[in-house]
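Enquirer: Hey, dropping start_25.cif in here, mmCIF, C-alpha atoms:
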data_work
loop_
_atom_site.group_PDB
_atom_site.id
_atom_site.type_symbol
_atom_site.label_atom_id
_atom_site.label_comp_id
_atom_site.auth_asym_id
_atom_site.auth_seq_id
_atom_site.Cartn_x
_atom_site.Cartn_y
_atom_site.Cartn_z
ATOM 1 C CA MET A 1 64.782 111.786 106.867
ATOM 2 C CA THR A 2 64.958 110.614 103.271
ATOM 3 C CA THR A 3 65.035 107.001 102.123
ATOM 4 C CA ALA A 4 68.653 107.375 101.018
ATOM 5 C CA HIS A 5 69.634 108.590 104.483
ATOM 6 C CA ARG A 6 67.838 105.683 106.153
ATOM 7 C CA ARG A 7 69.607 103.251 103.850
ATOM 8 C CA LEU A 8 72.973 104.760 104.673
ATOM 9 C CA ILE A 9 72.291 104.633 108.403
ATOM 10 C CA GLY A 10 71.214 101.012 108.165
ATOM 11 C CA TYR A 11 74.303 100.232 106.095
ATOM 12 C CA ALA A 12 76.556 101.909 108.658
ATOM 13 C CA VAL A 13 74.913 99.983 111.509
ATOM 14 C CA ARG A 14 75.400 96.672 109.712
ATOM 15 C CA ARG A 15 79.017 97.451 108.919
ATOM 16 C CA THR A 16 79.645 98.407 112.541
ATOM 17 C CA ALA A 17 78.098 95.138 113.692
ATOM 18 C CA PHE A 18 80.271 93.262 111.229
ATOM 19 C CA ALA A 19 83.333 95.080 112.574
ATOM 20 C CA LEU A 20 82.475 94.027 116.128
ATOM 21 C CA VAL A 21 82.083 90.413 115.023
ATOM 22 C CA LEU A 22 85.423 90.632 113.222
ATOM 23 C CA VAL A 23 87.164 91.917 116.352
ATOM 24 C CA LEU A 24 85.610 89.151 118.444
ATOM 25 C CA LEU A 25 86.561 86.407 115.987
ATOM 26 C CA VAL A 26 90.148 87.581 115.554
ATOM 27 C CA SER A 27 90.796 87.987 119.269
ATOM 28 C CA SER A 28 89.098 84.666 120.052
ATOM 29 C CA ALA A 29 91.154 82.846 117.430
ATOM 30 C CA ALA A 30 94.356 84.382 118.792
ATOM 31 C CA LEU A 31 93.526 83.296 122.343
ATOM 32 C CA VAL A 32 92.626 79.741 121.315
ATOM 33 C CA LEU A 33 95.657 79.249 119.070
ATOM 34 C CA VAL A 34 98.112 80.515 121.685
ATOM 35 C CA ASP A 35 96.488 78.321 124.342
ATOM 36 C CA LEU A 36 96.776 75.275 122.051
ATOM 37 C CA ALA A 37 100.439 75.966 121.288
ATOM 38 C CA PRO A 38 103.030 74.045 123.344
ATOM 39 C CA GLY A 39 104.060 75.682 126.617
ATOM 40 C CA ASP A 40 102.618 78.584 128.545
ATOM 41 C CA VAL A 41 103.728 81.590 130.553
ATOM 42 C CA THR A 42 105.130 79.343 133.325
ATOM 43 C CA ALA A 43 107.860 78.070 130.986
ATOM 44 C CA GLU A 44 110.035 80.926 132.225
ATOM 45 C CA LEU A 45 109.724 79.545 135.763
ATOM 46 C CA PHE A 46 111.013 76.172 134.595
ATOM 47 C CA ALA A 47 113.990 77.897 132.958
ATOM 48 C CA ALA A 48 114.608 79.714 136.252
ATOM 49 C CA GLY A 49 114.973 76.380 138.062
ATOM 50 C CA LEU A 50 111.588 75.988 139.820
ATOM 51 C CA GLY A 51 110.375 72.473 140.409
ATOM 52 C CA PRO A 52 107.266 70.824 138.925
ATOM 53 C CA GLU A 53 105.220 71.315 142.088
ATOM 54 C CA ALA A 54 105.896 75.051 142.249
ATOM 55 C CA ILE A 55 105.070 75.403 138.561
ATOM 56 C CA ALA A 56 101.846 73.424 139.038
ATOM 57 C CA ARG A 57 100.806 75.747 141.863
ATOM 58 C CA GLU A 58 101.504 78.785 139.683
ATOM 59 C CA ARG A 59 99.514 77.320 136.781
ATOM 60 C CA HIS A 60 96.606 76.712 139.161
ATOM 61 C CA ARG A 61 96.843 80.276 140.508
ATOM 62 C CA LEU A 62 96.734 81.685 136.968
ATOM 63 C CA GLY A 63 93.910 79.351 135.957
ATOM 64 C CA LEU A 64 95.966 77.694 133.219
ATOM 65 C CA ASP A 65 95.123 74.197 134.443
ATOM 66 C CA ARG A 66 91.451 74.680 133.592
ATOM 67 C CA PRO A 67 90.000 73.328 130.305
ATOM 68 C CA LEU A 68 90.299 75.642 127.326
ATOM 69 C CA ALA A 69 86.520 75.961 127.060
ATOM 70 C CA ASP A 70 86.258 77.217 130.647
ATOM 71 C CA GLN A 71 89.066 79.731 130.099
ATOM 72 C CA TYR A 72 87.461 80.993 126.905
ATOM 73 C CA VAL A 73 83.988 81.378 128.417
ATOM 74 C CA THR A 74 85.439 83.323 131.342
ATOM 75 C CA TRP A 75 87.439 85.572 129.013
ATOM 76 C CA LEU A 76 84.451 86.103 126.697
ATOM 77 C CA GLY A 77 82.226 87.108 129.586
ATOM 78 C CA ARG A 78 84.722 89.803 130.548
ATOM 79 C CA ALA A 79 85.450 90.852 126.954
ATOM 80 C CA VAL A 80 81.834 91.781 126.216
ATOM 81 C CA ARG A 81 82.179 94.238 129.105
ATOM 82 C CA LEU A 82 85.405 95.573 127.538
ATOM 83 C CA ASP A 83 87.469 93.838 130.210
ATOM 84 C CA LEU A 84 90.271 92.038 128.352
ATOM 85 C CA GLY A 85 91.617 90.354 131.444
ATOM 86 C CA THR A 86 94.964 90.573 133.209
ATOM 87 C CA SER A 87 98.299 89.983 131.542
ATOM 88 C CA LEU A 88 99.860 86.794 132.893
ATOM 89 C CA ARG A 89 103.373 88.141 132.375
ATOM 90 C CA TYR A 90 103.044 91.717 133.566
ATOM 91 C CA GLN A 91 100.241 91.150 136.109
ATOM 92 C CA ARG A 92 98.504 94.273 134.864
ATOM 93 C CA PRO A 93 95.183 94.800 133.083
ATOM 94 C CA VAL A 94 95.553 94.178 129.346
ATOM 95 C CA ARG A 95 93.494 97.290 128.649
ATOM 96 C CA ASP A 96 96.062 99.454 130.442
ATOM 97 C CA LEU A 97 98.981 97.885 128.563
ATOM 98 C CA LEU A 98 97.230 98.434 125.244
ATOM 99 C CA GLY A 99 96.460 102.024 126.174
ATOM 100 C CA GLU A 100 100.157 102.709 126.741
ATOM 101 C CA ARG A 101 101.187 101.344 123.332
ATOM 102 C CA ILE A 102 98.285 101.847 120.953
ATOM 103 C CA GLY A 103 98.936 105.574 120.625
ATOM 104 C CA ASN A 104 102.489 104.948 119.407
ATOM 105 C CA THR A 105 101.301 102.440 116.810
ATOM 106 C CA ALA A 106 98.526 104.782 115.682
ATOM 107 C CA LEU A 107 101.020 107.648 115.363
ATOM 108 C CA LEU A 108 103.406 105.539 113.286
ATOM 109 C CA GLY A 109 100.616 104.190 111.095
ATOM 110 C CA ALA A 110 99.051 107.619 110.552
ATOM 111 C CA CYS A 111 102.386 109.175 109.577
ATOM 112 C CA ALA A 112 103.189 106.314 107.214
ATOM 113 C CA LEU A 113 99.722 106.506 105.658
ATOM 114 C CA ALA A 114 100.053 110.264 105.153
ATOM 115 C CA VAL A 115 103.485 109.905 103.532
ATOM 116 C CA ALA A 116 102.335 107.026 101.325
ATOM 117 C CA THR A 117 99.261 108.951 100.183
ATOM 118 C CA LEU A 118 100.975 112.301 99.628
ATOM 119 C CA VAL A 119 103.756 110.617 97.642
ATOM 120 C CA GLY A 120 101.860 107.858 95.862
ATOM 121 C CA LEU A 121 98.810 109.741 94.584
ATOM 122 C CA PRO A 122 100.570 112.653 92.798
ATOM 123 C CA LEU A 123 103.202 110.349 91.341
ATOM 124 C CA GLY A 124 100.451 108.022 90.109
ATOM 125 C CA VAL A 125 98.708 110.894 88.364
ATOM 126 C CA VAL A 126 102.000 111.937 86.741
ATOM 127 C CA THR A 127 102.946 108.454 85.524
ATOM 128 C CA GLY A 128 99.413 107.787 84.300
ATOM 129 C CA SER A 129 99.128 110.997 82.300
ATOM 130 C CA ARG A 130 102.622 111.632 80.960
ATOM 131 C CA ARG A 131 105.339 109.962 78.945
ATOM 132 C CA GLY A 132 109.084 110.356 79.146
ATOM 133 C CA TRP A 133 112.044 109.496 81.339
ATOM 134 C CA LEU A 134 110.530 110.791 84.596
ATOM 135 C CA PRO A 135 107.448 108.502 84.575
ATOM 136 C CA ARG A 136 109.669 105.563 83.600
ATOM 137 C CA ALA A 137 112.010 106.286 86.509
ATOM 138 C CA VAL A 138 109.072 106.544 88.937
ATOM 139 C CA ARG A 139 107.650 103.241 87.694
ATOM 140 C CA ALA A 140 111.005 101.523 88.150
ATOM 141 C CA ALA A 141 111.322 102.899 91.668
ATOM 142 C CA SER A 142 107.767 101.778 92.495
ATOM 143 C CA LEU A 143 108.379 98.250 91.275
ATOM 144 C CA THR A 144 111.558 98.105 93.364
ATOM 145 C CA ALA A 145 109.758 99.351 96.471
ATOM 146 C CA LEU A 146 106.904 96.884 95.913
ATOM 147 C CA SER A 147 109.333 93.974 95.859
ATOM 148 C CA VAL A 148 110.793 94.882 99.278
ATOM 149 C CA PRO A 149 108.528 94.103 102.272
ATOM 150 C CA PRO A 150 108.468 96.519 105.227
ATOM 151 C CA LEU A 151 110.559 94.147 107.360
ATOM 152 C CA ILE A 152 113.418 94.150 104.866
ATOM 153 C CA SER A 153 113.165 97.874 104.174
ATOM 154 C CA SER A 154 113.305 98.602 107.903
ATOM 155 C CA LEU A 155 116.418 96.425 108.247
ATOM 156 C CA LEU A 156 118.080 98.203 105.319
ATOM 157 C CA LEU A 157 117.187 101.647 106.641
ATOM 158 C CA ALA A 158 118.364 100.711 110.138
ATOM 159 C CA LEU A 159 121.684 99.573 108.660
ATOM 160 C CA LEU A 160 121.957 102.813 106.685
ATOM 161 C CA ALA A 161 121.182 104.863 109.796
ATOM 162 C CA ALA A 162 123.750 102.956 111.855
ATOM 163 C CA ARG A 163 126.452 103.396 109.220
ATOM 164 C CA THR A 164 125.810 107.050 108.380
ATOM 165 C CA GLY A 165 124.226 108.489 111.529
ATOM 166 C CA TRP A 166 121.607 110.270 109.425
ATOM 167 C CA PHE A 167 118.717 108.960 111.513
ATOM 168 C CA PRO A 168 118.324 107.555 115.028
ATOM 169 C CA VAL A 169 118.353 103.757 114.905
ATOM 170 C CA GLY A 170 115.522 103.045 117.353
ATOM 171 C CA GLY A 171 113.260 104.110 120.193
ATOM 172 C CA THR A 172 111.448 107.400 120.685
ATOM 173 C CA GLY A 173 114.328 109.365 122.172
ATOM 174 C CA LEU A 174 112.171 110.839 124.929
ATOM 175 C CA ALA A 175 114.762 109.904 127.537
ATOM 176 C CA GLU A 176 117.288 112.165 125.806
ATOM 177 C CA ALA A 177 114.836 114.940 124.893
ATOM 178 C CA GLY A 178 115.293 118.400 126.314
ATOM 179 C CA PRO A 179 112.770 120.092 128.593
ATOM 180 C CA GLY A 180 109.497 121.302 127.150
ATOM 181 C CA ALA A 181 106.774 119.845 124.955
ATOM 182 C CA LEU A 182 108.269 121.299 121.767
ATOM 183 C CA ALA A 183 111.633 119.615 122.351
ATOM 184 C CA SER A 184 109.926 116.299 123.108
ATOM 185 C CA ALA A 185 107.783 116.523 119.964
ATOM 186 C CA ALA A 186 110.811 117.331 117.811
ATOM 187 C CA THR A 187 112.750 114.399 119.258
ATOM 188 C CA VAL A 188 109.884 111.955 118.683
ATOM 189 C CA ALA A 189 109.413 113.223 115.120
ATOM 190 C CA TRP A 190 113.115 112.745 114.414
ATOM 191 C CA HIS A 191 113.052 109.184 115.750
ATOM 192 C CA LEU A 192 109.838 108.539 113.850
ATOM 193 C CA THR A 193 111.454 109.231 110.475
ATOM 194 C CA LEU A 194 113.093 105.842 109.943
ATOM 195 C CA PRO A 195 110.125 103.590 110.844
ATOM 196 C CA THR A 196 107.766 105.864 108.891
ATOM 197 C CA LEU A 197 109.875 105.571 105.736
ATOM 198 C CA ALA A 198 110.276 101.814 106.168
ATOM 199 C CA LEU A 199 106.530 101.383 106.461
ATOM 200 C CA ALA A 200 105.409 103.984 103.923
ATOM 201 C CA LEU A 201 107.591 103.201 100.892
ATOM 202 C CA PRO A 202 105.933 99.913 99.812
ATOM 203 C CA PHE A 203 102.470 101.382 100.251
ATOM 204 C CA ALA A 204 103.388 104.562 98.388
ATOM 205 C CA ALA A 205 104.474 102.332 95.509
ATOM 206 C CA THR A 206 101.188 100.404 95.684
ATOM 207 C CA ILE A 207 99.129 103.592 95.579
ATOM 208 C CA GLU A 208 101.252 104.982 92.725
ATOM 209 C CA ARG A 209 100.718 101.883 90.591
ATOM 210 C CA LEU A 210 96.962 101.816 91.205
ATOM 211 C CA GLN A 211 96.537 105.548 90.618
ATOM 212 C CA SER A 212 98.654 105.409 87.466
ATOM 213 C CA ASP A 213 96.506 102.716 85.868
ATOM 214 C CA ALA A 214 93.295 104.407 86.992
ATOM 215 C CA THR A 215 94.408 107.790 85.634
ATOM 216 C CA ALA A 216 95.333 106.314 82.258
ATOM 217 C CA ALA A 217 91.951 104.554 82.072
ATOM 218 C CA ALA A 218 90.078 107.731 83.072
ATOM 219 C CA LEU A 219 91.852 109.780 80.395
ATOM 220 C CA ALA A 220 90.724 107.262 77.784
ATOM 221 C CA GLU A 221 87.042 107.710 78.669
ATOM 222 C CA PRO A 222 84.864 109.261 75.909
ATOM 223 C CA HIS A 223 83.799 112.294 77.958
ATOM 224 C CA ILE A 224 87.461 113.094 78.720
ATOM 225 C CA GLN A 225 88.349 112.786 75.052
ATOM 226 C CA ALA A 226 85.436 115.044 74.191
ATOM 227 C CA ALA A 227 86.678 117.645 76.662
ATOM 228 C CA ARG A 228 90.137 117.431 75.093
ATOM 229 C CA ALA A 229 88.591 117.966 71.660
ATOM 230 C CA ARG A 230 86.863 121.106 72.964
ATOM 231 C CA GLY A 231 90.267 122.549 73.785
ATOM 232 C CA VAL A 232 90.449 121.896 77.549
ATOM 233 C CA GLY A 233 94.090 122.116 78.666
ATOM 234 C CA ASP A 234 96.007 119.032 79.736
ATOM 235 C CA GLY A 235 96.504 120.201 83.320
ATOM 236 C CA ARG A 236 92.818 120.941 83.883
ATOM 237 C CA LEU A 237 91.867 117.755 82.065
ATOM 238 C CA VAL A 238 93.997 115.613 84.369
ATOM 239 C CA TRP A 239 93.600 117.299 87.738
ATOM 240 C CA ARG A 240 89.949 118.376 87.502
ATOM 241 C CA HIS A 241 88.179 116.000 85.110
ATOM 242 C CA ALA A 242 90.076 112.711 85.372
ATOM 243 C CA LEU A 243 91.278 112.780 88.978
ATOM 244 C CA ARG A 244 87.939 112.263 90.713
ATOM 245 C CA PRO A 245 86.889 109.085 88.840
ATOM 246 C CA ALA A 246 90.467 107.807 88.977
ATOM 247 C CA LEU A 247 90.507 108.026 92.777
ATOM 248 C CA ARG A 248 87.876 105.280 93.024
ATOM 249 C CA SER A 249 90.421 102.530 92.429
ATOM 250 C CA VAL A 250 92.581 103.673 95.325
ATOM 251 C CA ALA A 251 89.597 104.346 97.570
ATOM 252 C CA ALA A 252 88.275 100.837 96.899
ATOM 253 C CA ILE A 253 91.288 99.219 98.569
ATOM 254 C CA TYR A 254 92.230 102.034 100.933
ATOM 255 C CA GLY A 255 90.759 100.184 103.863
ATOM 256 C CA ILE A 256 92.840 97.126 103.050
ATOM 257 C CA ILE A 257 95.904 99.343 102.780
ATOM 258 C CA ILE A 258 95.186 100.831 106.201
ATOM 259 C CA GLY A 259 94.704 97.431 107.801
ATOM 260 C CA THR A 260 97.777 95.971 106.138
ATOM 261 C CA LEU A 261 99.800 99.048 107.031
ATOM 262 C CA PHE A 262 98.992 98.802 110.716
ATOM 263 C CA SER A 263 99.639 95.050 110.653
ATOM 264 C CA GLY A 264 102.936 95.568 108.847
ATOM 265 C CA SER A 265 103.940 98.132 111.449
ATOM 266 C CA PHE A 266 104.361 95.304 113.988
ATOM 267 C CA ALA A 267 107.480 93.983 112.244
ATOM 268 C CA VAL A 268 108.842 97.499 111.690
ATOM 269 C CA GLU A 269 108.321 98.356 115.355
ATOM 270 C CA ILE A 270 110.363 95.352 116.444
ATOM 271 C CA VAL A 271 113.270 96.162 114.116
ATOM 272 C CA THR A 272 113.323 99.868 114.947
ATOM 273 C CA ALA A 273 112.547 99.410 118.681
ATOM 274 C CA TRP A 274 109.469 101.604 118.346
ATOM 275 C CA PRO A 275 107.416 101.059 121.539
ATOM 276 C CA GLY A 276 104.082 100.180 120.001
ATOM 277 C CA LEU A 277 101.760 97.206 119.806
ATOM 278 C CA GLY A 278 104.239 95.272 117.681
ATOM 279 C CA ARG A 279 106.780 94.870 120.440
ATOM 280 C CA LEU A 280 104.046 94.169 122.970
ATOM 281 C CA MET A 281 102.572 91.483 120.735
ATOM 282 C CA TYR A 282 105.986 89.899 120.233
ATOM 283 C CA ASP A 283 106.661 89.776 123.977
ATOM 284 C CA ALA A 284 103.204 88.308 124.577
ATOM 285 C CA LEU A 285 103.744 85.588 121.972
ATOM 286 C CA VAL A 286 107.176 84.670 123.305
ATOM 287 C CA SER A 287 105.842 84.314 126.849
ATOM 288 C CA ARG A 288 102.538 82.682 125.749
ATOM 289 C CA ASP A 289 100.561 85.419 127.495
ATOM 290 C CA ILE A 290 97.212 84.386 126.045
ATOM 291 C CA TYR A 291 95.147 87.337 127.286
ATOM 292 C CA LEU A 292 97.662 89.911 126.124
ATOM 293 C CA VAL A 293 97.936 88.220 122.715
ATOM 294 C CA ALA A 294 94.156 88.298 122.375
ATOM 295 C CA GLY A 295 94.110 91.976 123.340
ATOM 296 C CA CYS A 296 96.783 92.900 120.799
ATOM 297 C CA ALA A 297 94.951 90.925 118.116
ATOM 298 C CA ALA A 298 91.734 92.747 118.995
ATOM 299 C CA ALA A 299 93.487 96.118 118.681
ATOM 300 C CA GLY A 300 94.884 95.158 115.278
ATOM 301 C CA SER A 301 91.475 94.024 114.029
ATOM 302 C CA VAL A 302 89.975 97.328 115.213
ATOM 303 C CA PHE A 303 92.433 99.148 112.939
ATOM 304 C CA LEU A 304 91.480 96.862 110.047
ATOM 305 C CA ALA A 305 87.743 97.324 110.600
ATOM 306 C CA ALA A 306 88.113 101.103 110.890
ATOM 307 C CA GLY A 307 90.158 101.222 107.706
ATOM 308 C CA THR A 308 87.576 99.199 105.786
ATOM 309 C CA LEU A 309 84.792 101.480 106.993
ATOM 310 C CA ALA A 310 86.816 104.552 105.996
ATOM 311 C CA SER A 311 87.306 103.036 102.554
ATOM 312 C CA ASP A 312 83.553 102.531 102.127
ATOM 313 C CA VAL A 313 82.833 106.108 103.199
ATOM 314 C CA ALA A 314 85.433 107.449 100.763
ATOM 315 C CA LEU A 315 83.944 105.412 97.916
ATOM 316 C CA ALA A 316 80.463 106.691 98.705
ATOM 317 C CA ALA A 317 81.771 110.281 98.704
ATOM 318 C CA LEU A 318 83.450 109.815 95.340
ATOM 319 C CA ASP A 319 80.640 107.932 93.620
ATOM 320 C CA PRO A 320 77.063 109.154 94.268
ATOM 321 C CA ARG A 321 75.694 105.933 92.729
ATOM 322 C CA LEU A 322 77.014 104.002 95.706
ATOM 323 C CA ARG A 323 75.099 106.238 98.090
ATOM 324 C CA GLN A 324 71.893 105.615 96.127
ATOM 325 C CA ASP A 325 72.458 101.873 95.941
ATOM 326 C CA ALA A 326 73.469 101.392 99.558
ATOM 327 C CA PRO A 327 71.267 98.611 100.979
#
Would you kindly transcribe this structure into C-alpha cells?

Expert:
Amino acid sequence: MTTAHRRLIGYAVRRTAFALVLVLLVSSAALVLVDLAPGDVTAELFAAGLGPEAIARERHRLGLDRPLADQYVTWLGRAVRLDLGTSLRYQRPVRDLLGERIGNTALLGACALAVATLVGLPLGVVTGSRRGWLPRAVRAASLTALSVPPLISSLLLALLAARTGWFPVGGTGLAEAGPGALASAATVAWHLTLPTLALALPFAATIERLQSDATAAALAEPHIQAARARGVGDGRLVWRHALRPALRSVAAIYGIIIGTLFSGSFAVEIVTAWPGLGRLMYDALVSRDIYLVAGCAAAGSVFLAAGTLASDVALAALDPRLRQDAP
C-alpha cells in the first residue's frame, strides 16, 4: 500500500468519525431543545379532558418527570447501540418509524438531485460559454428560481396542479394503483413529479449559476486560450478541455447542496403530502415526541454527512492534487 493510499484511508476514517460526531450532536441538540420547550406529549391528554392526576401518572410512566440529564443519559446509552428509543406518540420503536419513511425521503431527494444536476450542469456550460438571447433567458430563469424557496415553489406547483389537473396534488397514489409492481411504480413516479420539481428547481438554478461562472473562468485560462489558438474547435474546447476543471466549483459545494436538498425536502413533503421524514418530523414536533424528533434529526444529519463525504470524494476524483495532499 502506497503512502498516498494510506493518507486517503486515514482521511476517510477521520471524516467518518467526524460524521458520527455530527450525527450525535445534531440528534442530542434536537432532543434537548424539544425537552426544554414548553409542554410535552401529554398535552394532548389535557386537551382530551384528563385530569392533572391522570396526566401526572402518564408522565411518570413515560419517564417525562425525570430530570433532563437522566433522560439524556438513558437515551445516549441506547443510541450508541443504535437503539433510538420508543416514540412517545406512536408507542413504536423510533428505528421502525424511520425505516418506513426514510426510503420515501431518499427517493424524493435522489430524484430532485438528479433533475437538478442534469438540468443545471449543461445549462451552466451553455451560459458560461455562449452569448445571445438563449443564455440571457436561462440566466433570467435561474435568478427567478433562486429567489423562490422550495416551500413557495411547492405551494405554487400544488396550486397549479389543483387548478389544471396536470399533476396529482399529494400522496403516493399507491392506494389507487392498479395490480402489479409496474403499475405501482408508474403511479408513484407520477405522484413524485410535483414534489421533485418543487425541490429541484432552486438547486438546478444554483448549479447553473456556479457552473456558468466556472466555465467562463476555465475558458479564460492560458492553456485553454492556447488550445483555441492551435485551432481546437469550440465544442471540443468547452466539453473536453474546460469542463473538467470547471466542475470543481460545483463539486466543492455538492455535499452542501445534498444536505440542504434533503433538509428542504421536509417542507416540500408537508405541502405535497409526501409520506417521508418531513411529515414525521412535523408530527413529532407538534406532539413534543422528543425521541422521535431526535431520530428524525439524526436521519437528516446522516444525509448531510453523506453528502459532504460524497463532495470530498468527487473533488479528489476531479483534482489529483487533492489526493496527493490529503492528510

Enquirer: My list of candidates is A:Leu97, A:Leu247, A:Val238, A:Trp190. Which is closest to A:Ala299 when distances are computed with all atoms listed in the file?

Expert: A:Leu97

Enquirer: Hey, which of A:Ser28, A:Thr144, A:Ser154, A:Ser287 ends up closest to A:Arg209? Count all atoms listed in the file.

Expert: A:Thr144

Enquirer: So that I can see what lies close to stretch 112-115 of chain A, please list as a PyMOL selection string the residues with an atom at most 12 Å from it, counting only C-alpha atoms and leaving out residues fewer than 4 positions away in the same chain.

Expert: chain A and resi 105-108+119-122+150+192-207+254-262+264-265+268+307

Enquirer: Keeping only C-alpha atoms, take the residues you just selected and write them out as a PDB file, in the frame of the given file.

Expert:
ATOM      1  CA  THR A 105     101.301 102.440 116.810  1.00  0.00           C
ATOM      2  CA  ALA A 106      98.526 104.782 115.682  1.00  0.00           C
ATOM      3  CA  LEU A 107     101.020 107.648 115.363  1.00  0.00           C
ATOM      4  CA  LEU A 108     103.406 105.539 113.286  1.00  0.00           C
ATOM      5  CA  VAL A 119     103.756 110.617  97.642  1.00  0.00           C
ATOM      6  CA  GLY A 120     101.860 107.858  95.862  1.00  0.00           C
ATOM      7  CA  LEU A 121      98.810 109.741  94.584  1.00  0.00           C
ATOM      8  CA  PRO A 122     100.570 112.653  92.798  1.00  0.00           C
ATOM      9  CA  PRO A 150     108.468  96.519 105.227  1.00  0.00           C
ATOM     10  CA  LEU A 192     109.838 108.539 113.850  1.00  0.00           C
ATOM     11  CA  THR A 193     111.454 109.231 110.475  1.00  0.00           C
ATOM     12  CA  LEU A 194     113.093 105.842 109.943  1.00  0.00           C
ATOM     13  CA  PRO A 195     110.125 103.590 110.844  1.00  0.00           C
ATOM     14  CA  THR A 196     107.766 105.864 108.891  1.00  0.00           C
ATOM     15  CA  LEU A 197     109.875 105.571 105.736  1.00  0.00           C
ATOM     16  CA  ALA A 198     110.276 101.814 106.168  1.00  0.00           C
ATOM     17  CA  LEU A 199     106.530 101.383 106.461  1.00  0.00           C
ATOM     18  CA  ALA A 200     105.409 103.984 103.923  1.00  0.00           C
ATOM     19  CA  LEU A 201     107.591 103.201 100.892  1.00  0.00           C
ATOM     20  CA  PRO A 202     105.933  99.913  99.812  1.00  0.00           C
ATOM     21  CA  PHE A 203     102.470 101.382 100.251  1.00  0.00           C
ATOM     22  CA  ALA A 204     103.388 104.562  98.388  1.00  0.00           C
ATOM     23  CA  ALA A 205     104.474 102.332  95.509  1.00  0.00           C
ATOM     24  CA  THR A 206     101.188 100.404  95.684  1.00  0.00           C
ATOM     25  CA  ILE A 207      99.129 103.592  95.579  1.00  0.00           C
ATOM     26  CA  TYR A 254      92.230 102.034 100.933  1.00  0.00           C
ATOM     27  CA  GLY A 255      90.759 100.184 103.863  1.00  0.00           C
ATOM     28  CA  ILE A 256      92.840  97.126 103.050  1.00  0.00           C
ATOM     29  CA  ILE A 257      95.904  99.343 102.780  1.00  0.00           C
ATOM     30  CA  ILE A 258      95.186 100.831 106.201  1.00  0.00           C
ATOM     31  CA  GLY A 259      94.704  97.431 107.801  1.00  0.00           C
ATOM     32  CA  THR A 260      97.777  95.971 106.138  1.00  0.00           C
ATOM     33  CA  LEU A 261      99.800  99.048 107.031  1.00  0.00           C
ATOM     34  CA  PHE A 262      98.992  98.802 110.716  1.00  0.00           C
ATOM     35  CA  GLY A 264     102.936  95.568 108.847  1.00  0.00           C
ATOM     36  CA  SER A 265     103.940  98.132 111.449  1.00  0.00           C
ATOM     37  CA  VAL A 268     108.842  97.499 111.690  1.00  0.00           C
ATOM     38  CA  GLY A 307      90.158 101.222 107.706  1.00  0.00           C
TER      39      GLY A 307
END

Enquirer: Evaluating the PyMOL selection byres ((chain A and resi 25) around 12) on the displayed file yields which residues, as JSON, numbers by chain?

Expert: {"A": [18, 19, 20, 21, 22, 23, 24, 26, 27, 28, 29, 30, 31, 32, 33, 76, 79, 294, 295, 297, 298, 301, 302]}

Enquirer: Using only C-alpha atoms, please write the residues we just selected to a file, as a PDB file, in the coordinates of the input.

Expert:
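As written to disk, result.pdb reads:
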ATOM      1  CA  PHE A  18      80.271  93.262 111.229  1.00  0.00           C
ATOM      2  CA  ALA A  19      83.333  95.080 112.574  1.00  0.00           C
ATOM      3  CA  LEU A  20      82.475  94.027 116.128  1.00  0.00           C
ATOM      4  CA  VAL A  21      82.083  90.413 115.023  1.00  0.00           C
ATOM      5  CA  LEU A  22      85.423  90.632 113.222  1.00  0.00           C
ATOM      6  CA  VAL A  23      87.164  91.917 116.352  1.00  0.00           C
ATOM      7  CA  LEU A  24      85.610  89.151 118.444  1.00  0.00           C
ATOM      8  CA  VAL A  26      90.148  87.581 115.554  1.00  0.00           C
ATOM      9  CA  SER A  27      90.796  87.987 119.269  1.00  0.00           C
ATOM     10  CA  SER A  28      89.098  84.666 120.052  1.00  0.00           C
ATOM     11  CA  ALA A  29      91.154  82.846 117.430  1.00  0.00           C
ATOM     12  CA  ALA A  30      94.356  84.382 118.792  1.00  0.00           C
ATOM     13  CA  LEU A  31      93.526  83.296 122.343  1.00  0.00           C
ATOM     14  CA  VAL A  32      92.626  79.741 121.315  1.00  0.00           C
ATOM     15  CA  LEU A  33      95.657  79.249 119.070  1.00  0.00           C
ATOM     16  CA  LEU A  76      84.451  86.103 126.697  1.00  0.00           C
ATOM     17  CA  ALA A  79      85.450  90.852 126.954  1.00  0.00           C
ATOM     18  CA  ALA A 294      94.156  88.298 122.375  1.00  0.00           C
ATOM     19  CA  GLY A 295      94.110  91.976 123.340  1.00  0.00           C
ATOM     20  CA  ALA A 297      94.951  90.925 118.116  1.00  0.00           C
ATOM     21  CA  ALA A 298      91.734  92.747 118.995  1.00  0.00           C
ATOM     22  CA  SER A 301      91.475  94.024 114.029  1.00  0.00           C
ATOM     23  CA  VAL A 302      89.975  97.328 115.213  1.00  0.00           C
TER      24      VAL A 302
END

Enquirer: Given the choices A:Ala273, A:Leu292, A:Ala56, A:Leu219, which gets closest to A:Pro168 if the distance is worked out from all atoms listed in the file?

Expert: A:Ala273

Enquirer: Using all atoms listed in the file, which residue out of A:Asp83, A:Gly278, A:Ile224, A:Gln211 lies closest to A:Asp96?

Expert: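 Of A:Asp83, A:Gly278, A:Ile224, A:Gln211, the one nearest A:Asp96, counting all atoms listed in the file, is A:Asp83.
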
Enquirer: Can you list, as JSON, numbers by chain, the residues that the PyMOL selection byres ((chain A and resi 84-86) around 8) selects here?

Expert: {"A": [75, 78, 79, 82, 83, 87, 88, 91, 92, 93, 94, 95, 291, 292, 295]}

Enquirer: Could you jot down the atom CA of A:Val41 to atom CA of A:Asp289 separation for me, Å, one decimal place?

Expert: 5.8 Å

Enquirer: Counting all atoms listed in the file, which of A:Leu134, A:Gly77, A:Ala189, A:Val148 gets nearest to A:Phe167?

Expert: A:Ala189

Enquirer: Just the number, please: distance in Å from atom CA of A:Ala267 to atom CA of A:Ala284, one decimal.

Expert: 14.2 Å

Enquirer: If the box runs along x, y and z of the file and leaves 5 Å on each side of stretch 268-280 of chain A, what are its centre and edge lengths in Å, one decimal, as JSON?

Expert:
{"center_x": 107.5, "center_y": 97.9, "center_z": 117.3, "size_x": 21.6, "size_y": 17.4, "size_z": 21.3}

Enquirer: Rounded to one decimal place, report the atom CA of A:Leu123-atom CA of A:Leu146 distance in Å.

Expert: 14.7 Å

Enquirer: Take the PyMOL selection byres ((chain A and resi 62-67) around 10), apply it to the structure above, and return the hits as a PyMOL selection string.

Expert: chain A and resi 35+40-42+56-61+68-72+86+88+290
